[in-house]
>>> print(open('data34.csv').read())   # CSV, N, CA and C atoms
chain,number,residue,atom,x,y,z
A,1,MET,N,10.0,12.1,6.4
A,1,MET,CA,9.9,12.8,5.1
A,1,MET,C,8.5,13.0,4.7
A,2,THR,N,8.1,14.2,4.3
A,2,THR,CA,6.8,14.5,3.9
A,2,THR,C,6.7,14.7,2.4
A,3,PHE,N,5.7,14.1,1.8
A,3,PHE,CA,5.4,14.3,0.4
A,3,PHE,C,4.0,14.7,0.2
A,4,GLY,N,3.8,16.0,0.0
A,4,GLY,CA,2.4,16.5,0.0
A,4,GLY,C,1.9,16.3,1.4
A,5,ASN,N,0.8,15.7,1.5
A,5,ASN,CA,0.2,15.4,2.9
A,5,ASN,C,0.4,13.9,3.2
A,6,VAL,N,1.2,13.2,2.5
A,6,VAL,CA,1.5,11.8,2.8
A,6,VAL,C,2.8,11.7,3.5
A,7,VAL,N,2.9,11.1,4.6
A,7,VAL,CA,4.1,11.0,5.4
A,7,VAL,C,4.7,9.7,5.0
A,8,ARG,N,6.0,9.7,4.6
A,8,ARG,CA,6.7,8.5,4.2
A,8,ARG,C,7.6,8.1,5.4
A,9,ARG,N,7.5,6.8,5.7
A,9,ARG,CA,8.3,6.2,6.8
A,9,ARG,C,9.3,5.3,6.2
A,10,ARG,N,10.6,5.4,6.6
A,10,ARG,CA,11.6,4.6,6.1
A,10,ARG,C,11.5,3.2,6.8
A,11,VAL,N,11.5,2.1,5.9
A,11,VAL,CA,11.4,0.8,6.4
A,11,VAL,C,12.6,0.0,5.9
A,12,LEU,N,13.3,-0.7,6.8
A,12,LEU,CA,14.4,-1.5,6.4
A,12,LEU,C,13.9,-2.9,6.3
A,13,VAL,N,14.2,-3.5,5.2
A,13,VAL,CA,13.8,-4.9,4.9
A,13,VAL,C,15.0,-5.6,4.3
A,14,PRO,N,15.1,-7.0,4.6
A,14,PRO,CA,16.2,-7.7,4.0
A,14,PRO,C,16.1,-7.7,2.5
A,15,SER,N,17.2,-7.7,1.8
A,15,SER,CA,17.2,-7.7,0.4
A,15,SER,C,18.3,-8.6,-0.1
A,16,GLY,N,18.0,-9.9,-0.2
A,16,GLY,CA,19.0,-10.8,-0.8
A,16,GLY,C,19.9,-11.5,0.2
A,17,GLY,N,19.9,-11.1,1.4
A,17,GLY,CA,20.9,-11.7,2.4
A,17,GLY,C,20.8,-11.1,3.7
A,18,ALA,N,21.4,-11.7,4.7
A,18,ALA,CA,21.3,-11.3,6.1
A,18,ALA,C,22.0,-9.9,6.3
A,19,THR,N,23.0,-9.7,5.5
A,19,THR,CA,23.8,-8.5,5.8
A,19,THR,C,23.5,-7.3,4.8
A,20,LEU,N,22.8,-7.6,3.8
A,20,LEU,CA,22.5,-6.6,2.8
A,20,LEU,C,21.1,-6.0,3.0
A,21,TRP,N,20.9,-4.7,3.2
A,21,TRP,CA,19.6,-4.2,3.5
A,21,TRP,C,19.3,-3.1,2.4
A,22,ALA,N,18.1,-3.1,2.0
A,22,ALA,CA,17.6,-2.1,1.0
A,22,ALA,C,16.7,-1.1,1.7
A,23,ARG,N,16.7,0.1,1.4
A,23,ARG,CA,15.8,1.1,2.0
A,23,ARG,C,14.7,1.4,1.0
A,24,ARG,N,13.5,1.2,1.5
A,24,ARG,CA,12.3,1.5,0.7
A,24,ARG,C,11.4,2.3,1.5
A,25,TYR,N,10.4,2.9,0.8
A,25,TYR,CA,9.4,3.7,1.5
A,25,TYR,C,8.0,3.1,1.3
A,26,ILE,N,7.3,3.0,2.3
A,26,ILE,CA,5.9,2.7,2.3
A,26,ILE,C,5.2,3.9,2.9
A,27,ALA,N,4.3,4.5,2.1
A,27,ALA,CA,3.7,5.8,2.5
A,27,ALA,C,2.6,5.6,3.6
A,28,ASP,N,2.7,6.2,4.7
A,28,ASP,CA,1.7,6.3,5.7
A,28,ASP,C,0.8,7.5,5.4
A,29,VAL,N,-0.5,7.3,5.2
A,29,VAL,CA,-1.4,8.3,4.8
A,29,VAL,C,-1.6,9.3,6.0
A,30,ASP,N,-1.4,10.6,5.7
A,30,ASP,CA,-1.6,11.6,6.7
A,30,ASP,C,-2.9,12.4,6.5
A,31,SER,N,-3.3,12.5,5.3
A,31,SER,CA,-4.5,13.3,4.9
A,31,SER,C,-5.3,12.5,3.9
A,32,ALA,N,-6.6,12.2,4.2
A,32,ALA,CA,-7.4,11.5,3.3
A,32,ALA,C,-7.7,12.2,2.0
A,33,THR,N,-7.8,13.6,2.1
A,33,THR,CA,-8.0,14.4,0.9
A,33,THR,C,-6.9,14.3,0.0
A,34,ALA,N,-5.7,14.5,0.5
A,34,ALA,CA,-4.5,14.5,-0.4
A,34,ALA,C,-4.3,13.1,-1.0
A,35,PHE,N,-4.6,12.1,-0.2
A,35,PHE,CA,-4.5,10.7,-0.6
A,35,PHE,C,-5.4,10.4,-1.7
A,36,ARG,N,-6.7,10.9,-1.6
A,36,ARG,CA,-7.6,10.7,-2.7
A,36,ARG,C,-7.1,11.3,-4.0
A,37,LYS,N,-6.5,12.5,-3.9
A,37,LYS,CA,-5.9,13.1,-5.1
A,37,LYS,C,-4.8,12.3,-5.7
A,38,GLN,N,-4.0,11.7,-4.9
A,38,GLN,CA,-2.9,10.9,-5.4
A,38,GLN,C,-3.4,9.6,-6.1
A,39,LEU,N,-4.5,9.0,-5.5
A,39,LEU,CA,-5.0,7.8,-6.1
A,39,LEU,C,-5.7,8.1,-7.5
A,40,ALA,N,-6.2,9.4,-7.6
A,40,ALA,CA,-6.9,9.7,-8.8
A,40,ALA,C,-5.9,10.1,-10.0
A,41,GLU,N,-4.7,10.4,-9.6
A,41,GLU,CA,-3.7,10.7,-10.7
A,41,GLU,C,-3.3,9.4,-11.5
A,42,GLU,N,-3.1,9.7,-12.7
A,42,GLU,CA,-2.6,8.6,-13.5
A,42,GLU,C,-1.1,8.3,-13.1
A,43,GLY,N,-0.8,7.0,-13.2
A,43,GLY,CA,0.6,6.6,-12.8
A,43,GLY,C,0.6,5.2,-12.4
A,44,PRO,N,1.6,4.7,-11.7
A,44,PRO,CA,1.6,3.3,-11.4
A,44,PRO,C,0.5,2.9,-10.4
A,45,PRO,N,0.1,1.6,-10.5
A,45,PRO,CA,-0.9,1.2,-9.6
A,45,PRO,C,-0.5,1.4,-8.1
A,46,ALA,N,-1.5,1.5,-7.2
A,46,ALA,CA,-1.3,1.7,-5.8
A,46,ALA,C,-1.9,0.5,-5.0
A,47,LEU,N,-1.1,-0.1,-4.2
A,47,LEU,CA,-1.5,-1.1,-3.3
A,47,LEU,C,-1.8,-0.4,-2.0
A,48,VAL,N,-3.0,-0.5,-1.5
A,48,VAL,CA,-3.3,0.2,-0.2
A,48,VAL,C,-3.6,-0.8,0.9
A,49,PHE,N,-2.9,-0.7,2.0
A,49,PHE,CA,-2.9,-1.6,3.1
A,49,PHE,C,-3.7,-0.9,4.2
A,50,TYR,N,-4.9,-1.4,4.5
A,50,TYR,CA,-5.7,-0.8,5.6
A,50,TYR,C,-5.4,-1.7,6.8
A,51,THR,N,-5.0,-1.0,7.9
A,51,THR,CA,-4.6,-1.6,9.1
A,51,THR,C,-5.0,-0.9,10.3
A,52,ALA,N,-4.7,-1.4,11.5
A,52,ALA,CA,-5.0,-0.7,12.7
A,52,ALA,C,-3.9,-1.2,13.7
A,53,ARG,N,-3.6,-0.3,14.6
A,53,ARG,CA,-2.5,-0.6,15.6
A,53,ARG,C,-2.9,-1.7,16.5
A,54,TRP,N,-4.2,-1.9,16.8
A,54,TRP,CA,-4.6,-3.0,17.7
A,54,TRP,C,-4.8,-4.3,17.1
A,55,CYS,N,-4.7,-4.4,15.8
A,55,CYS,CA,-5.0,-5.6,15.0
A,55,CYS,C,-3.8,-6.5,14.9
A,56,SER,N,-3.9,-7.7,15.6
A,56,SER,CA,-2.9,-8.7,15.6
A,56,SER,C,-2.6,-9.3,14.2
A,57,PRO,N,-3.6,-9.6,13.4
A,57,PRO,CA,-3.3,-10.1,12.0
A,57,PRO,C,-2.6,-9.1,11.2
A,58,CYS,N,-2.9,-7.8,11.4
A,58,CYS,CA,-2.3,-6.7,10.6
A,58,CYS,C,-0.8,-6.7,11.0
A,59,ARG,N,-0.5,-6.8,12.3
A,59,ARG,CA,0.9,-6.8,12.7
A,59,ARG,C,1.7,-8.1,12.1
A,60,ASP,N,0.9,-9.2,12.0
A,60,ASP,CA,1.6,-10.4,11.4
A,60,ASP,C,1.9,-10.2,9.9
A,61,VAL,N,1.0,-9.6,9.2
A,61,VAL,CA,1.2,-9.4,7.7
A,61,VAL,C,2.1,-8.2,7.4
A,62,ALA,N,2.3,-7.3,8.3
A,62,ALA,CA,3.0,-6.1,8.0
A,62,ALA,C,4.5,-6.4,7.5
A,63,PRO,N,5.2,-7.3,8.1
A,63,PRO,CA,6.6,-7.5,7.6
A,63,PRO,C,6.6,-8.1,6.2
A,64,HIS,N,5.5,-8.8,5.8
A,64,HIS,CA,5.4,-9.3,4.5
A,64,HIS,C,5.1,-8.2,3.5
A,65,ILE,N,4.3,-7.2,3.9
A,65,ILE,CA,4.0,-6.1,3.0
A,65,ILE,C,5.3,-5.2,2.9
A,66,GLU,N,6.0,-5.1,3.9
A,66,GLU,CA,7.3,-4.3,3.9
A,66,GLU,C,8.3,-5.0,2.9
A,67,ALA,N,8.4,-6.3,3.0
A,67,ALA,CA,9.3,-7.0,2.1
A,67,ALA,C,8.8,-6.9,0.7
A,68,LEU,N,7.5,-6.9,0.5
A,68,LEU,CA,6.9,-6.7,-0.9
A,68,LEU,C,7.3,-5.4,-1.4
A,69,GLY,N,7.2,-4.4,-0.5
A,69,GLY,CA,7.6,-3.0,-0.9
A,69,GLY,C,9.1,-3.0,-1.3
A,70,ALA,N,9.9,-3.7,-0.7
A,70,ALA,CA,11.3,-3.8,-1.0
A,70,ALA,C,11.5,-4.4,-2.4
A,71,ARG,N,10.7,-5.3,-2.7
A,71,ARG,CA,10.8,-6.0,-4.0
A,71,ARG,C,10.1,-5.3,-5.2
A,72,LEU,N,9.0,-4.7,-4.9
A,72,LEU,CA,8.2,-4.1,-6.0
A,72,LEU,C,8.0,-2.6,-6.1
A,73,GLU,N,8.1,-2.0,-4.9
A,73,GLU,CA,7.9,-0.5,-4.9
A,73,GLU,C,8.8,0.2,-5.8
A,74,GLY,N,8.3,1.2,-6.5
A,74,GLY,CA,9.2,1.9,-7.4
A,74,GLY,C,8.4,2.5,-8.6
A,75,PRO,N,8.9,2.4,-9.7
A,75,PRO,CA,8.3,3.0,-10.9
A,75,PRO,C,7.0,2.3,-11.4
A,76,HIS,N,6.8,1.1,-10.9
A,76,HIS,CA,5.7,0.3,-11.4
A,76,HIS,C,4.6,0.0,-10.3
A,77,LEU,N,4.9,0.4,-9.1
A,77,LEU,CA,3.9,0.2,-8.0
A,77,LEU,C,4.2,1.2,-6.8
A,78,ARG,N,3.1,1.7,-6.3
A,78,ARG,CA,3.1,2.5,-5.1
A,78,ARG,C,2.4,1.7,-4.0
A,79,ILE,N,3.0,1.9,-2.7
A,79,ILE,CA,2.4,1.2,-1.6
A,79,ILE,C,2.0,2.2,-0.5
A,80,PHE,N,0.8,2.1,0.0
A,80,PHE,CA,0.3,3.0,1.0
A,80,PHE,C,-0.2,2.2,2.2
A,81,ARG,N,-0.1,2.8,3.4
A,81,ARG,CA,-0.7,2.2,4.6
A,81,ARG,C,-1.7,3.2,5.2
A,82,VAL,N,-2.9,2.7,5.4
A,82,VAL,CA,-4.0,3.6,6.0
A,82,VAL,C,-4.4,3.0,7.3
A,83,ASP,N,-4.3,3.8,8.4
A,83,ASP,CA,-4.7,3.4,9.7
A,83,ASP,C,-6.2,3.7,9.8
A,84,VAL,N,-7.0,2.7,9.9
A,84,VAL,CA,-8.5,2.8,9.8
A,84,VAL,C,-9.0,3.6,11.0
A,85,ASP,N,-8.3,3.6,12.1
A,85,ASP,CA,-8.7,4.4,13.3
A,85,ASP,C,-8.5,5.9,13.1
A,86,ASP,N,-7.5,6.2,12.3
A,86,ASP,CA,-7.2,7.6,12.0
A,86,ASP,C,-8.0,8.2,10.9
A,87,HIS,N,-8.5,7.3,10.0
A,87,HIS,CA,-9.2,7.7,8.8
A,87,HIS,C,-10.4,6.8,8.6
A,88,GLU,N,-11.3,6.9,9.6
A,88,GLU,CA,-12.5,6.0,9.6
A,88,GLU,C,-13.4,6.2,8.4
A,89,ARG,N,-13.7,7.5,8.1
A,89,ARG,CA,-14.6,7.8,7.0
A,89,ARG,C,-14.1,7.3,5.7
A,90,PHE,N,-12.8,7.6,5.4
A,90,PHE,CA,-12.2,7.2,4.2
A,90,PHE,C,-12.2,5.7,4.1
A,91,ALA,N,-11.9,5.0,5.1
A,91,ALA,CA,-11.9,3.5,5.1
A,91,ALA,C,-13.3,3.0,4.8
A,92,ALA,N,-14.3,3.6,5.4
A,92,ALA,CA,-15.7,3.2,5.2
A,92,ALA,C,-16.1,3.4,3.7
A,93,ASP,N,-15.6,4.6,3.2
A,93,ASP,CA,-15.9,4.9,1.8
A,93,ASP,C,-15.3,3.9,0.8
A,94,GLN,N,-14.2,3.3,1.2
A,94,GLN,CA,-13.5,2.3,0.4
A,94,GLN,C,-14.1,0.9,0.6
A,95,GLY,N,-15.0,0.7,1.5
A,95,GLY,CA,-15.6,-0.6,1.7
A,95,GLY,C,-14.9,-1.4,2.7
A,96,VAL,N,-14.1,-0.8,3.5
A,96,VAL,CA,-13.3,-1.6,4.5
A,96,VAL,C,-14.3,-2.0,5.7
A,97,LYS,N,-14.5,-3.3,5.9
A,97,LYS,CA,-15.3,-3.7,7.0
A,97,LYS,C,-14.5,-4.5,8.1
A,98,ALA,N,-13.3,-4.9,7.7
A,98,ALA,CA,-12.4,-5.6,8.6
A,98,ALA,C,-11.0,-5.4,8.2
A,99,VAL,N,-10.1,-5.5,9.1
A,99,VAL,CA,-8.7,-5.4,8.7
A,99,VAL,C,-7.9,-6.7,9.1
A,100,PRO,N,-6.9,-7.0,8.4
A,100,PRO,CA,-6.3,-6.3,7.3
A,100,PRO,C,-7.1,-6.4,6.0
A,101,PHE,N,-7.1,-5.3,5.2
A,101,PHE,CA,-7.8,-5.2,4.0
A,101,PHE,C,-6.9,-4.5,3.0
A,102,PHE,N,-7.0,-5.0,1.7
A,102,PHE,CA,-6.1,-4.4,0.7
A,102,PHE,C,-6.9,-4.0,-0.5
A,103,THR,N,-6.6,-2.9,-1.1
A,103,THR,CA,-7.2,-2.6,-2.4
A,103,THR,C,-6.0,-2.2,-3.4
A,104,VAL,N,-6.3,-2.5,-4.6
A,104,VAL,CA,-5.4,-2.1,-5.7
A,104,VAL,C,-6.1,-1.0,-6.5
A,105,HIS,N,-5.5,0.1,-6.7
A,105,HIS,CA,-6.0,1.2,-7.4
A,105,HIS,C,-5.2,1.4,-8.7
A,106,ARG,N,-5.9,1.6,-9.8
A,106,ARG,CA,-5.2,1.9,-11.1
A,106,ARG,C,-6.0,3.0,-11.8
A,107,ASP,N,-5.4,4.1,-12.2
A,107,ASP,CA,-6.0,5.2,-13.0
A,107,ASP,C,-7.2,5.7,-12.2
A,108,GLY,N,-7.1,5.8,-10.9
A,108,GLY,CA,-8.2,6.4,-10.1
A,108,GLY,C,-9.3,5.5,-9.7
A,109,HIS,N,-9.2,4.2,-10.1
A,109,HIS,CA,-10.3,3.3,-9.8
A,109,HIS,C,-9.8,2.1,-9.0
A,110,VAL,N,-10.6,1.6,-8.1
A,110,VAL,CA,-10.3,0.3,-7.4
A,110,VAL,C,-10.5,-0.8,-8.4
A,111,VAL,N,-9.4,-1.6,-8.6
A,111,VAL,CA,-9.5,-2.7,-9.6
A,111,VAL,C,-9.5,-4.0,-8.9
A,112,GLU,N,-9.1,-4.1,-7.7
A,112,GLU,CA,-9.1,-5.3,-6.9
A,112,GLU,C,-9.2,-5.0,-5.4
A,113,ARG,N,-10.0,-5.9,-4.7
A,113,ARG,CA,-10.1,-5.9,-3.3
A,113,ARG,C,-9.7,-7.2,-2.7
A,114,LEU,N,-8.9,-7.2,-1.7
A,114,LEU,CA,-8.4,-8.4,-1.0
A,114,LEU,C,-8.7,-8.4,0.4
A,115,ALA,N,-9.5,-9.3,0.9
A,115,ALA,CA,-9.9,-9.4,2.3
A,115,ALA,C,-9.7,-10.8,2.8
A,116,GLY,N,-9.2,-11.0,4.0
A,116,GLY,CA,-9.1,-12.3,4.5
A,116,GLY,C,-8.2,-13.2,3.8
A,117,CYS,N,-7.2,-12.7,3.2
A,117,CYS,CA,-6.2,-13.5,2.4
A,117,CYS,C,-4.8,-13.4,3.0
A,118,GLY,N,-4.0,-14.3,2.7
A,118,GLY,CA,-2.6,-14.3,3.2
A,118,GLY,C,-1.7,-13.4,2.4
A,119,PRO,N,-0.5,-13.2,2.8
A,119,PRO,CA,0.5,-12.4,2.1
A,119,PRO,C,0.9,-12.8,0.7
A,120,ASP,N,0.8,-14.1,0.5
A,120,ASP,CA,1.1,-14.6,-0.9
A,120,ASP,C,0.1,-14.1,-1.9
A,121,ALA,N,-1.2,-14.1,-1.5
A,121,ALA,CA,-2.2,-13.6,-2.4
A,121,ALA,C,-2.1,-12.1,-2.7
A,122,VAL,N,-1.7,-11.3,-1.7
A,122,VAL,CA,-1.4,-9.9,-1.8
A,122,VAL,C,-0.2,-9.7,-2.7
A,123,ALA,N,0.8,-10.5,-2.5
A,123,ALA,CA,2.0,-10.3,-3.4
A,123,ALA,C,1.7,-10.7,-4.8
A,124,GLU,N,0.9,-11.7,-5.0
A,124,GLU,CA,0.6,-12.1,-6.4
A,124,GLU,C,-0.2,-11.0,-7.1
A,125,ALA,N,-1.2,-10.4,-6.4
A,125,ALA,CA,-2.0,-9.3,-7.0
A,125,ALA,C,-1.1,-8.1,-7.3
A,126,ALA,N,-0.2,-7.7,-6.3
A,126,ALA,CA,0.6,-6.6,-6.6
A,126,ALA,C,1.6,-6.8,-7.7
A,127,GLN,N,2.1,-8.0,-7.8
A,127,GLN,CA,3.0,-8.3,-8.9
A,127,GLN,C,2.3,-8.3,-10.3
A,128,ARG,N,1.1,-8.8,-10.3
A,128,ARG,CA,0.3,-8.9,-11.5
A,128,ARG,C,0.0,-7.4,-12.0
A,129,HIS,N,-0.5,-6.6,-11.1
A,129,HIS,CA,-0.8,-5.2,-11.5
A,129,HIS,C,0.4,-4.4,-11.9
A,130,ALA,N,1.6,-4.6,-11.2
A,130,ALA,CA,2.8,-4.0,-11.6
A,130,ALA,C,3.2,-4.4,-13.0
A,131,GLU,N,3.1,-5.7,-13.3
A,131,GLU,CA,3.4,-6.2,-14.6
A,131,GLU,C,2.5,-5.6,-15.7
A,132,ILE,N,1.2,-5.5,-15.4
A,132,ILE,CA,0.3,-4.9,-16.4
A,132,ILE,C,0.7,-3.5,-16.6
A,133,TYR,N,1.0,-2.7,-15.6
A,133,TYR,CA,1.4,-1.3,-15.8
A,133,TYR,C,2.7,-1.2,-16.6
A,134,ALA,N,3.7,-2.1,-16.3
A,134,ALA,CA,4.9,-2.1,-17.1
A,134,ALA,C,4.7,-2.4,-18.5
A,135,GLU,N,3.8,-3.3,-18.8
A,135,GLU,CA,3.5,-3.6,-20.2
A,135,GLU,C,2.9,-2.4,-21.0
A,136,ARG,N,2.1,-1.6,-20.3
A,136,ARG,CA,1.5,-0.4,-20.9
A,136,ARG,C,2.4,0.7,-21.3
A,137,LEU,N,3.6,0.7,-20.7
A,137,LEU,CA,4.6,1.8,-20.9
A,137,LEU,C,5.2,1.7,-22.3
>>> encode(input="data34.csv", output="structure tokens")
Amino acid sequence: MTFGNVVRRRVLVPSGGATLWARRYIADVDSATAFRKQLAEEGPPALVFYTARWCSPCRDVAPHIEALGARLEGPHLRIFRVDVDDHERFAADQGVKAVPFFTVHRDGHVVERLAGCGPDAVAEAAQRHAEIYAERL
């Protein structure tokens, strides 16, 4: 499914039990230009996951981010995945020096950067920013 120049990939993650599955979307960035425009728009905060296909720690944390998407993605949080090999210049502009790397964007600005942390820290940051956004509504 394509939304603008952002390709959305369907991810199945467990939701409350072994037999119940929820469908959520985590956007895979297709165009850095369109992505910049989306981040600049007002709206819910965006958690951006910078990753690479060759990165073992990225593959380890990916299921946790997908589960986080199942729990939080929606009207109060957007989640994007950027492959640093496909978007080297954009990743460098965002200060990505190693992967996995996470940024939280709100109202067009980076409000938090997370590097070298585990999935619990990422989940806590995403939850905190989603709650801040929900309170502002």
>>> closest_residue(input="data34.csv", among="A:Ile26, A:Ala125, A:Ala32, A:Val99", to="Pro57 in chain A", atoms="only N, CA and C atoms")
A:Val99
>>> closest_residue(input="data34.csv", among="A:Pro75, A:Ala123, A:Leu114, A:Ala130", to="Pro100 in chain A", atoms="only N, CA and C atoms")
A:Leu114
>>> atom_distance(input="data34.csv", atom1="atom N of Phe49 in chain A", atom2="atom N of Asp83 in chain A")
7.9 Å
>>> closest_residue(input="data34.csv", among="A:Arg59, A:Leu68, A:Trp54, A:Val29", to="Ala121 in chain A", atoms="only C-alpha atoms")
A:Leu68
>>> atom_distance(input="data34.csv", atom1="atom N of Leu137 in chain A", atom2="CA of Ala27 in chain A")
23.8 Å
>>> closest_residue(input="data34.csv", among="A:Val84, A:Ala34, A:Ile65, A:Leu77", to="Tyr50 in chain A", atoms="only C-alpha atoms")
A:Val84
>>> atom_distance(input="data34.csv", atom1="CA of Ala98 in chain A", atom2="CA of Ala115 in chain A")
7.8 Å
>>> select_by_dssp(input="data34.csv", residues="range 52-122 of chain A", states="helix (DSSP H, G or I)", output="PyMOL selection string")
chain A and resi 56-72+88-93+119-122
>>> select_by_dssp(input="data34.csv", residues="range 30-137 of chain A", states="strand (DSSP E or B)", output="PyMOL selection string")
chain A and resi 46-51+74+77-83+101-106+109-115
>>> axis_aligned_box(input="data34.csv", around="range 55-63 of chain A", padding_each_side="8 Å", output="AutoDock Vina command-line options")
--center_x 0.8 --center_y -7.4 --center_z 11.0 --size_x 27.6 --size_y 22.0 --size_z 25.6
>>> residues_around(input="data34.csv", residues="Gly108 in chain A", least_positions_apart="6", cutoff="6.5 Å", atoms="only N, CA and C atoms", output="number ranges by chain")
A: 39-42
>>> residues_near_point(input="data34.csv", point="(-10.1, -6.1, -1.1)", cutoff="6.5 Å", atoms="only N, CA and C atoms", output="compact mmCIF listing (two decimals) with N, CA and C atoms, in the frame of the given file")
# COMPACT_ATOMS: atom_id res chain seq x y z
N PHE A 101 -7.10 -5.30 5.20
CA PHE A 101 -7.80 -5.20 4.00
C PHE A 101 -6.90 -4.50 3.00
N PHE A 102 -7.00 -5.00 1.70
CA PHE A 102 -6.10 -4.40 0.70
C PHE A 102 -6.90 -4.00 -0.50
N THR A 103 -6.60 -2.90 -1.10
CA THR A 103 -7.20 -2.60 -2.40
C THR A 103 -6.00 -2.20 -3.40
N VAL A 104 -6.30 -2.50 -4.60
CA VAL A 104 -5.40 -2.10 -5.70
C VAL A 104 -6.10 -1.00 -6.50
N GLU A 112 -9.10 -4.10 -7.70
CA GLU A 112 -9.10 -5.30 -6.90
C GLU A 112 -9.20 -5.00 -5.40
N ARG A 113 -10.00 -5.90 -4.70
CA ARG A 113 -10.10 -5.90 -3.30
C ARG A 113 -9.70 -7.20 -2.70
N LEU A 114 -8.90 -7.20 -1.70
CA LEU A 114 -8.40 -8.40 -1.00
C LEU A 114 -8.70 -8.40 0.40
N ALA A 115 -9.50 -9.30 0.90
CA ALA A 115 -9.90 -9.40 2.30
C ALA A 115 -9.70 -10.80 2.80
>>> residues_near_point(input="data34.csv", point="(-11.9, 6.9, 5.0)", cutoff="12 Å", atoms="only C-alpha atoms", output="CSV table (one decimal) with N, CA and C atoms, in the coordinates of the input")
chain,number,residue,atom,x,y,z
A,29,VAL,N,-0.5,7.3,5.2
A,29,VAL,CA,-1.4,8.3,4.8
A,29,VAL,C,-1.6,9.3,6.0
A,30,ASP,N,-1.4,10.6,5.7
A,30,ASP,CA,-1.6,11.6,6.7
A,30,ASP,C,-2.9,12.4,6.5
A,31,SER,N,-3.3,12.5,5.3
A,31,SER,CA,-4.5,13.3,4.9
A,31,SER,C,-5.3,12.5,3.9
A,32,ALA,N,-6.6,12.2,4.2
A,32,ALA,CA,-7.4,11.5,3.3
A,32,ALA,C,-7.7,12.2,2.0
A,33,THR,N,-7.8,13.6,2.1
A,33,THR,CA,-8.0,14.4,0.9
A,33,THR,C,-6.9,14.3,0.0
A,34,ALA,N,-5.7,14.5,0.5
A,34,ALA,CA,-4.5,14.5,-0.4
A,34,ALA,C,-4.3,13.1,-1.0
A,35,PHE,N,-4.6,12.1,-0.2
A,35,PHE,CA,-4.5,10.7,-0.6
A,35,PHE,C,-5.4,10.4,-1.7
A,36,ARG,N,-6.7,10.9,-1.6
A,36,ARG,CA,-7.6,10.7,-2.7
A,36,ARG,C,-7.1,11.3,-4.0
A,50,TYR,N,-4.9,-1.4,4.5
A,50,TYR,CA,-5.7,-0.8,5.6
A,50,TYR,C,-5.4,-1.7,6.8
A,51,THR,N,-5.0,-1.0,7.9
A,51,THR,CA,-4.6,-1.6,9.1
A,51,THR,C,-5.0,-0.9,10.3
A,82,VAL,N,-2.9,2.7,5.4
A,82,VAL,CA,-4.0,3.6,6.0
A,82,VAL,C,-4.4,3.0,7.3
A,83,ASP,N,-4.3,3.8,8.4
A,83,ASP,CA,-4.7,3.4,9.7
A,83,ASP,C,-6.2,3.7,9.8
A,84,VAL,N,-7.0,2.7,9.9
A,84,VAL,CA,-8.5,2.8,9.8
A,84,VAL,C,-9.0,3.6,11.0
A,85,ASP,N,-8.3,3.6,12.1
A,85,ASP,CA,-8.7,4.4,13.3
A,85,ASP,C,-8.5,5.9,13.1
A,86,ASP,N,-7.5,6.2,12.3
A,86,ASP,CA,-7.2,7.6,12.0
A,86,ASP,C,-8.0,8.2,10.9
A,87,HIS,N,-8.5,7.3,10.0
A,87,HIS,CA,-9.2,7.7,8.8
A,87,HIS,C,-10.4,6.8,8.6
A,88,GLU,N,-11.3,6.9,9.6
A,88,GLU,CA,-12.5,6.0,9.6
A,88,GLU,C,-13.4,6.2,8.4
A,89,ARG,N,-13.7,7.5,8.1
A,89,ARG,CA,-14.6,7.8,7.0
A,89,ARG,C,-14.1,7.3,5.7
A,90,PHE,N,-12.8,7.6,5.4
A,90,PHE,CA,-12.2,7.2,4.2
A,90,PHE,C,-12.2,5.7,4.1
A,91,ALA,N,-11.9,5.0,5.1
A,91,ALA,CA,-11.9,3.5,5.1
A,91,ALA,C,-13.3,3.0,4.8
A,92,ALA,N,-14.3,3.6,5.4
A,92,ALA,CA,-15.7,3.2,5.2
A,92,ALA,C,-16.1,3.4,3.7
A,93,ASP,N,-15.6,4.6,3.2
A,93,ASP,CA,-15.9,4.9,1.8
A,93,ASP,C,-15.3,3.9,0.8
A,94,GLN,N,-14.2,3.3,1.2
A,94,GLN,CA,-13.5,2.3,0.4
A,94,GLN,C,-14.1,0.9,0.6
A,95,GLY,N,-15.0,0.7,1.5
A,95,GLY,CA,-15.6,-0.6,1.7
A,95,GLY,C,-14.9,-1.4,2.7
A,96,VAL,N,-14.1,-0.8,3.5
A,96,VAL,CA,-13.3,-1.6,4.5
A,96,VAL,C,-14.3,-2.0,5.7
A,97,LYS,N,-14.5,-3.3,5.9
A,97,LYS,CA,-15.3,-3.7,7.0
A,97,LYS,C,-14.5,-4.5,8.1
